[in-house]
4 protein chains.
Amino acid sequence: MVTYGEYLKLQQILNAQAPSSAVGGKAAHDEMLFIIVHQAYELWFKEVLHELDSIIEMFAGNFVDETSIGTAVARLQRIIQIQKLLIEQIKVIETLTPLDFLDFRGYLPGASGFQSVQFRMIENRLGLRREERLLYANRPYDADYNAEEVAQVKRTESEPTLFSVVERWLERTPFLQGHGFEFLTAYRQAFQRMVQNDRRTIQESTIISEDERNLRLQMIAQTEQLFSKVLNEKSYGEKREKGEVRLSYNAFLAALFINLYRDQPILHLPFRLLTLLTELDEYLSLWRYRHSLMVLRMLGSKMGTGGSSGHDYLKKTVDKHSIFGDLFGISTLIIPRSELPPLGHELVRELGFFYSHV
Amino acid sequence: MVTYGEYLKLQQILNAQAPSSAVGGKAAHDEMLFIIVHQAYELWFKEVLHELDSIIEMFAGNFVDETSIGTAVARLQRIIQIQKLLIEQIKVIETLTPLDFLDFRGYLPGASGFQSVQFRMIENRLGLRREERLLYANRPYDADYNAEEVAQVKRTESEPTLFSVVERWLERTPFLQGHGFEFLTAYRQAFQRMVQNDRRTIQESTIISEDERNLRLQMIAQTEQLFSKVLNEKSYGEKREKGEVRLSYNAFLAALFINLYRDQPILHLPFRLLTLLTELDEYLSLWRYRHSLMVLRMLGSKMGTGGSSGHDYLKKTVDKHSIFGDLFGISTLIIPRSELPPLGHELVRELGFFYSHV
Amino acid sequence: MVTYGEYLKLQQILNAQAPSSAVGGKAAHDEMLFIIVHQAYELWFKEVLHELDSIIEMFAGNFVDETSIGTAVARLQRIIQIQKLLIEQIKVIETLTPLDFLDFRGYLPGASGFQSVQFRMIENRLGLRREERLLYANRPYDADYNAEEVAQVKRTESEPTLFSVVERWLERTPFLQGHGFEFLTAYRQAFQRMVQNDRRTIQESTIISEDERNLRLQMIAQTEQLFSKVLNEKSYGEKREKGEVRLSYNAFLAALFINLYRDQPILHLPFRLLTLLTELDEYLSLWRYRHSLMVLRMLGSKMGTGGSSGHDYLKKTVDKHSIFGDLFGISTLIIPRSELPPLGHELVRELGFFYSHV
Amino acid sequence: MVTYGEYLKLQQILNAQAPSSAVGGKAAHDEMLFIIVHQAYELWFKEVLHELDSIIEMFAGNFVDETSIGTAVARLQRIIQIQKLLIEQIKVIETLTPLDFLDFRGYLPGASGFQSVQFRMIENRLGLRREERLLYANRPYDADYNAEEVAQVKRTESEPTLFSVVERWLERTPFLQGHGFEFLTAYRQAFQRMVQNDRRTIQESTIISEDERNLRLQMIAQTEQLFSKVLNEKSYGEKREKGEVRLSYNAFLAALFINLYRDQPILHLPFRLLTLLTELDEYLSLWRYRHSLMVLRMLGSKMGTGGSSGHDYLKKTVDKHSIFGDLFGISTLIIPRSELPPLGHELVRELGFFYSHV
């Protein structure tokens, strides 16, 4: 009979804490916390990789069925729940004061919290590219890894990423035209109508001040400019070349379409998927940000373990290492439901359930 | 050079996940989560034991200096922060649906979540006594442990507990009498004055209804009765024999004194210590309660893994396994600051800092 | 031009704090917190009612379209997010210590936290019935309300509730039979097969102890008995008459069907809806439980404001006032995916998207 | 008899929601959430001001007794608990999707979330100075306030702030010299000893690579330079003039002393006070950061309500509007306990409790 402890291999797990300060003679009480909190992080990183791998695999083919999208949504929610936990875990580390940290910091080897191989693999699998990474001290992120570790991160650099499979899946969205509906044209017209109405209302208003009127007209002009730039394959392409956007034009349009017509049954799960990707990105940013604050509090502006500059470096990665930032941008292009171009009977039928038409 | 991964023994930690469903052929995706979440719990249990051991050791002697109380307070706060994390972790388990759980539940051996040796050790070290434990199926809690595990829990049963060392420390509180002040007498008188005032106010009030008046007078009578029963060594002793209270009479009085005069500098840390003990108990209850809800959601009213009845058993332990419940009771006996008997110049001087009197 | 402050009517909101201790002469500092925390609760209760009303209205008709289910799901998630906030808010109240509370408790009128009219309305709209309410001091819950308040709660007692509209919606689920599929029969057979397999496996196992074997066989027998009792209209009806279950038999079967076949596209949103109803119930229980702990900590075992016995009363409502408890019970009846009776080609087609079959 | 509803002025509170979209004909369902969430924020802002005012008042005099520090600590903890709640509240707003927001956004007047008068007052009372504020569109932050509102914020600009009273209180710390102990000299020497030891250890080490050796020596040199710059009245003064630090030199030294010798009983509460000020700052930053993410998600890169540029503006205030940043910097200067210069018998006596010396 296998027991609970054997099943969980607790002997192995609970004998893996070897405080280095103990070697030096007197163990610093708080080093145990330091070790355990990092081991807990690594366990969770393994779980996140397990989920990411499975989602990418499901989306890697040429066809993704409805059940898979449902499963992917559930697993993304799990990843996000784990991200929230990882952020909460920072509060536990913060019970370690700078003064108590100094009791064993000298015993820590070149080890740095930035060196987690698994965390780099998570970033790679999400879609962070080597060339986008902020360098520390002008050295590649795997400079201090051993051969096996380098092989591991390199592998995740060359495989499909969550970003790439989602992008391809978006590009295949079939509903953007057909049945007499051409999404982009209809959407551009709707947008023009909306803008013209807004402009007239503001110009005719008798209750707002002249300042306010000008400010608002100026806002409208800005929005108009933004629209025309983004909804044009050529200028979008230019923005993409400059690295301002990352999604392909067609994937971007599909994401916009899904956001606008998310009330259609068949778009419901795709919309949730996109929403969860922005949440995942948001919590990743939040984790980096909290981490940077924690390091500031612990180390001040001293250089971190492993030679990294700590707070400043982490702070800069908050925005720089975002993966799904383009999906945030879509809010800028949303127009009110009342202005949405109607989809036409045939298309609505296709987007609905079979049962409803029996 | 030791690397980050070597220092944390990550090879050992990250190779300890062996899904049993994989043995049967097709690994159930979600078993990884099940394993990792339980391993994370066990890591944290080890850390909690590490903290508890150190606090008990500090309080085990005949004299506890101020710095130790400060350290104990900081470590209790850490334990509580970990408890909050453990409760958050339940939200991660809850991403496992009952249907997905069934995909591998059949492969789990006699293992049950109730069998964690470390969790039993935590309970023992806090002060839960074998005879107070709710039995499952009339069997002792260590019935299924192997010899080594039995030895471990037995050891924690015979050692000093957090409850016992705190109780002895409270009993030694030196300020309850002296310098012409006799706490219990002064407090009883203050209480009587307060009750008489309250009663008169209610009887003379012209704005409350007759019903309300009677209700309030009845409440006062109840409170009076409670006071007289608790603040009497003999009747307190009887309550204690029946198991209604657990702290010794003198420890209880000291806790009351500390609660009432916590504004005095020397009582500041002791007051925080007592407050944290009630918080620890509160979060332990909350954890048991959340755990019971989670089991209900996952298993319904089916029997749990390892033969335990799950939800019902857990639900009953919520109150039954409380350790520091007596400290909650103290709120019942608090009287307003304005009614507190004054301490006298000499005693205030003793309770303050030396510097202020230089 | 309306300003931010005017739009939010801040004059009205921020002039609504009138500490009663101030009237008595010296305002107790902490009474402000007490007032504001309760006002914040009431604001959120209003929002919850706003959401509940809209959900019930959407489900009150004879047909609920897909978009409405999506909207209901989103609004339930919002309610749950608010519930989480209300639970967090308890941590703010807990910064008020019993001793500081006593500084103004005497000034509070017959007012009790239990008297919130809006909270009673929320309970009523969810589906709590007057006869199921735990009485305090043998008096109806609206005994101390004024005429207008009584009218408000009475109205919510007679209107459709979330429970009743969801029950009727479930009863109308069309897929339980047809196309050569009869859910209940197929499910009963699948269950029997599963049980027989389990029994054989256990009997033939050579690695488990005799004790373990007996325990497991006994568990199977219990589960079998439970199934036969619940999946029988007559005995289910008897359980319902005794108040052990509340949902109608047909609604219960539909909920079971949705839980088992939730991977089918058309059942995806209904499954989320049911899941959110159990979450809502879980957080409601959690709120009651946290509330009861907080009252214990604040008041000990003294009677509460307004004559209620506080902790004990609240503690009892945790389970007693559950609304959607039946949905938890469904976990007991779930069988593994691998054992699920297949739905048949025609039915799968009906449960899918139109587009997939074009 | 005053009822619960009357005491809380619920008529006034619950009749203060007037959706502007309702005026235009069809009320947008989600505007209620928008109004209520902002009103809840304003209620909590009032409470935070209530606490801040009382703390500043306690510290405004020339002498702050021990009990006041205890009270200030408790109230800062309350403010932090409220800050955590305000951050959680963002999750509730995030249930409002960009598309649903558009249903009523057009009806919102020039109102902007940035305009909260109370929030500006909180910033002012904490110690944010007008000249440090990031300008939006080159206009002062109170440009759109009415006369009464301008008067309110101007008043909080001219009164003592939490920063200023804490700074003066720190400057009065009496223990930095006397009884043959001169803190700064002793500390400088200890630091030198520590650095020399570290340098020798690294130079003599045979297990680290040459690269690692150089990196570490370079880190030590940097730390040395930082120390010499900060712990010198003249160069500190220069940094202060450039706006790199804000605390006066003497207040800064006192804060350092308290951090190093926090184990002394009399320094226990002051240390907690300083720690809570950094936490308050941390949660304020976190709130600004979460707010900026939320705005990005809701509005994309469109300009915000009231003409503000939303996300970018908020993002920049995260660091720029920090108040107690200097206290984070202290971690940089902490040295291990084992290196701390001893305080001398006389001074330890002064820093301890009277009772211990009776």
# chains A, B, ... in the order shown; residues from 1 in each chain; ligands from 1
call {"tool": "residues_around", "arguments": {"residues": "Leu85 in chain B", "least_positions_apart": "3", "cutoff": "7 Å", "atoms": "only C-alpha atoms", "output": "list of chain:residue names"}}
result
A:Glu88, A:Gln89, B:Gln81, B:Ile82, B:Glu88, B:Gln89
call {"tool": "write_last_selection", "arguments": {"atoms": "N, CA and C atoms", "output": "compact mmCIF listing (two decimals), in the first residue's frame"}}
result
# COMPACT_ATOMS: atom_id res chain seq x y z
N GLU A 88 0.50 36.78 -3.74
CA GLU A 88 0.25 36.72 -2.30
C GLU A 88 1.49 36.23 -1.55
N GLN A 89 2.22 35.32 -2.20
CA GLN A 89 3.39 34.73 -1.56
C GLN A 89 4.45 35.80 -1.24
N GLN B 81 0.65 34.97 8.22
CA GLN B 81 0.75 35.29 6.79
C GLN B 81 0.75 34.00 5.97
N ILE B 82 1.43 32.98 6.47
CA ILE B 82 1.44 31.68 5.78
C ILE B 82 0.04 31.06 5.82
N GLU B 88 -5.64 30.91 0.59
CA GLU B 88 -5.69 31.32 -0.82
C GLU B 88 -5.45 30.12 -1.75
N GLN B 89 -4.57 29.22 -1.28
CA GLN B 89 -4.21 28.06 -2.09
C GLN B 89 -5.43 27.18 -2.39
call {"tool": "interface_residues", "arguments": {"of": "chain D", "to": "chain A", "cutoff": "7 Å", "atoms": "only C-alpha atoms", "output": "VMD selection string"}}
result
chain D and resid 98 to 99 102 to 103 215 219 223 296 to 303 307 328 to 332 334 336
call {"tool": "select_by_dssp", "arguments": {"residues": "range 193-301 of chain A", "states": "alpha helix (DSSP H)", "output": "number ranges by chain"}}
result
A: 193-204, 210-230, 233-241, 249-260, 265-299
call {"tool": "residues_around", "arguments": {"residues": "Glu131 in chain D", "least_positions_apart": "6", "cutoff": "12 Å", "atoms": "only C-alpha atoms", "output": "ChimeraX atom specification"}}
result
/D:124,139-141,157,243,320-321
call {"tool": "atom_distance", "arguments": {"atom1": "CA of Asn138 in chain C", "atom2": "CA of Met121 in chain C"}}
result
20.2 Å
call {"tool": "residues_around", "arguments": {"residues": "range 186-193 of chain D", "least_positions_apart": "4", "cutoff": "8 Å", "atoms": "only C-alpha atoms", "output": "ChimeraX atom specification"}}
result
/D:181-182,197,335,339-341
call {"tool": "write_last_selection", "arguments": {"atoms": "all heavy atoms", "output": "short mmCIF file (atom, residue, chain, number, x, y, z; two decimals), in the first residue's frame"}}
result
data_model
loop_
_atom_site.label_atom_id
_atom_site.label_comp_id
_atom_site.auth_asym_id
_atom_site.auth_seq_id
_atom_site.Cartn_x
_atom_site.Cartn_y
_atom_site.Cartn_z
N PHE D 181 28.74 57.19 23.87
CA PHE D 181 28.43 56.57 22.59
C PHE D 181 28.15 57.66 21.56
O PHE D 181 27.37 58.56 21.81
CB PHE D 181 27.20 55.67 22.74
CG PHE D 181 26.75 55.03 21.47
CD1 PHE D 181 27.43 53.91 20.96
CD2 PHE D 181 25.64 55.50 20.78
CE1 PHE D 181 27.01 53.31 19.79
CE2 PHE D 181 25.21 54.90 19.60
CZ PHE D 181 25.90 53.80 19.11
N GLU D 182 28.83 57.56 20.44
CA GLU D 182 28.54 58.54 19.40
C GLU D 182 28.17 57.72 18.17
O GLU D 182 29.03 57.12 17.53
CB GLU D 182 29.76 59.43 19.16
CG GLU D 182 29.40 60.84 18.74
CD GLU D 182 29.09 60.90 17.26
OE1 GLU D 182 29.96 60.53 16.47
OE2 GLU D 182 27.95 61.30 16.91
N ASN D 197 36.63 43.20 5.84
CA ASN D 197 36.49 41.74 5.95
C ASN D 197 35.97 41.14 4.65
O ASN D 197 36.49 40.15 4.14
CB ASN D 197 35.53 41.37 7.08
CG ASN D 197 36.20 41.51 8.43
OD1 ASN D 197 37.42 41.54 8.50
ND2 ASN D 197 35.39 41.60 9.48
N ILE D 335 23.61 47.13 8.30
CA ILE D 335 24.72 46.18 8.40
C ILE D 335 24.28 45.03 9.31
O ILE D 335 23.36 45.19 10.10
CB ILE D 335 26.02 46.83 8.94
CG1 ILE D 335 25.77 47.44 10.33
CG2 ILE D 335 26.53 47.90 7.98
CD1 ILE D 335 27.05 48.00 10.97
N GLU D 339 27.73 42.85 13.34
CA GLU D 339 28.70 43.94 13.15
C GLU D 339 28.29 45.22 13.87
O GLU D 339 29.05 46.19 13.91
CB GLU D 339 28.84 44.27 11.64
CG GLU D 339 29.12 43.10 10.73
CD GLU D 339 30.55 42.60 10.87
OE1 GLU D 339 31.37 43.31 11.50
OE2 GLU D 339 30.85 41.49 10.37
N LEU D 340 27.07 45.22 14.41
CA LEU D 340 26.56 46.45 15.04
C LEU D 340 27.45 46.88 16.21
O LEU D 340 27.79 46.07 17.06
CB LEU D 340 25.16 46.22 15.59
CG LEU D 340 23.98 46.38 14.63
CD1 LEU D 340 22.68 46.28 15.43
CD2 LEU D 340 24.06 47.73 13.92
N PRO D 341 27.79 48.17 16.29
CA PRO D 341 28.53 48.65 17.47
C PRO D 341 27.66 48.51 18.71
O PRO D 341 26.49 48.87 18.69
CB PRO D 341 28.82 50.12 17.15
CG PRO D 341 27.95 50.49 16.00
CD PRO D 341 27.58 49.23 15.29
#
call {"tool": "residues_around", "arguments": {"residues": "Ile69 in chain A", "least_positions_apart": "6", "cutoff": "9 Å", "atoms": "only C-alpha atoms", "output": "PyMOL selection string"}}
result
chain A and resi 55+58-59+269-270+273
call {"tool": "atom_distance", "arguments": {"atom1": "CA of Arg213 in chain C", "atom2": "CA of Arg200 in chain C"}}
result
11.0 Å
call {"tool": "atom_distance", "arguments": {"atom1": "CA of Phe34 in chain D", "atom2": "CA of Arg120 in chain D"}}
result
20.4 Å
call {"tool": "residues_around", "arguments": {"residues": "Glu57 in chain D", "least_positions_apart": "3", "cutoff": "12 Å", "atoms": "only C-alpha atoms", "output": "PyMOL selection string"}}
result
chain D and resi 49-54+60-64+68-69+71-72+125+159-162+164-166
call {"tool": "residues_around", "arguments": {"residues": "Tyr283 in chain A", "least_positions_apart": "6", "cutoff": "8 Å", "atoms": "only C-alpha atoms", "output": "PyMOL selection string"}}
result
chain A and resi 80+83-84
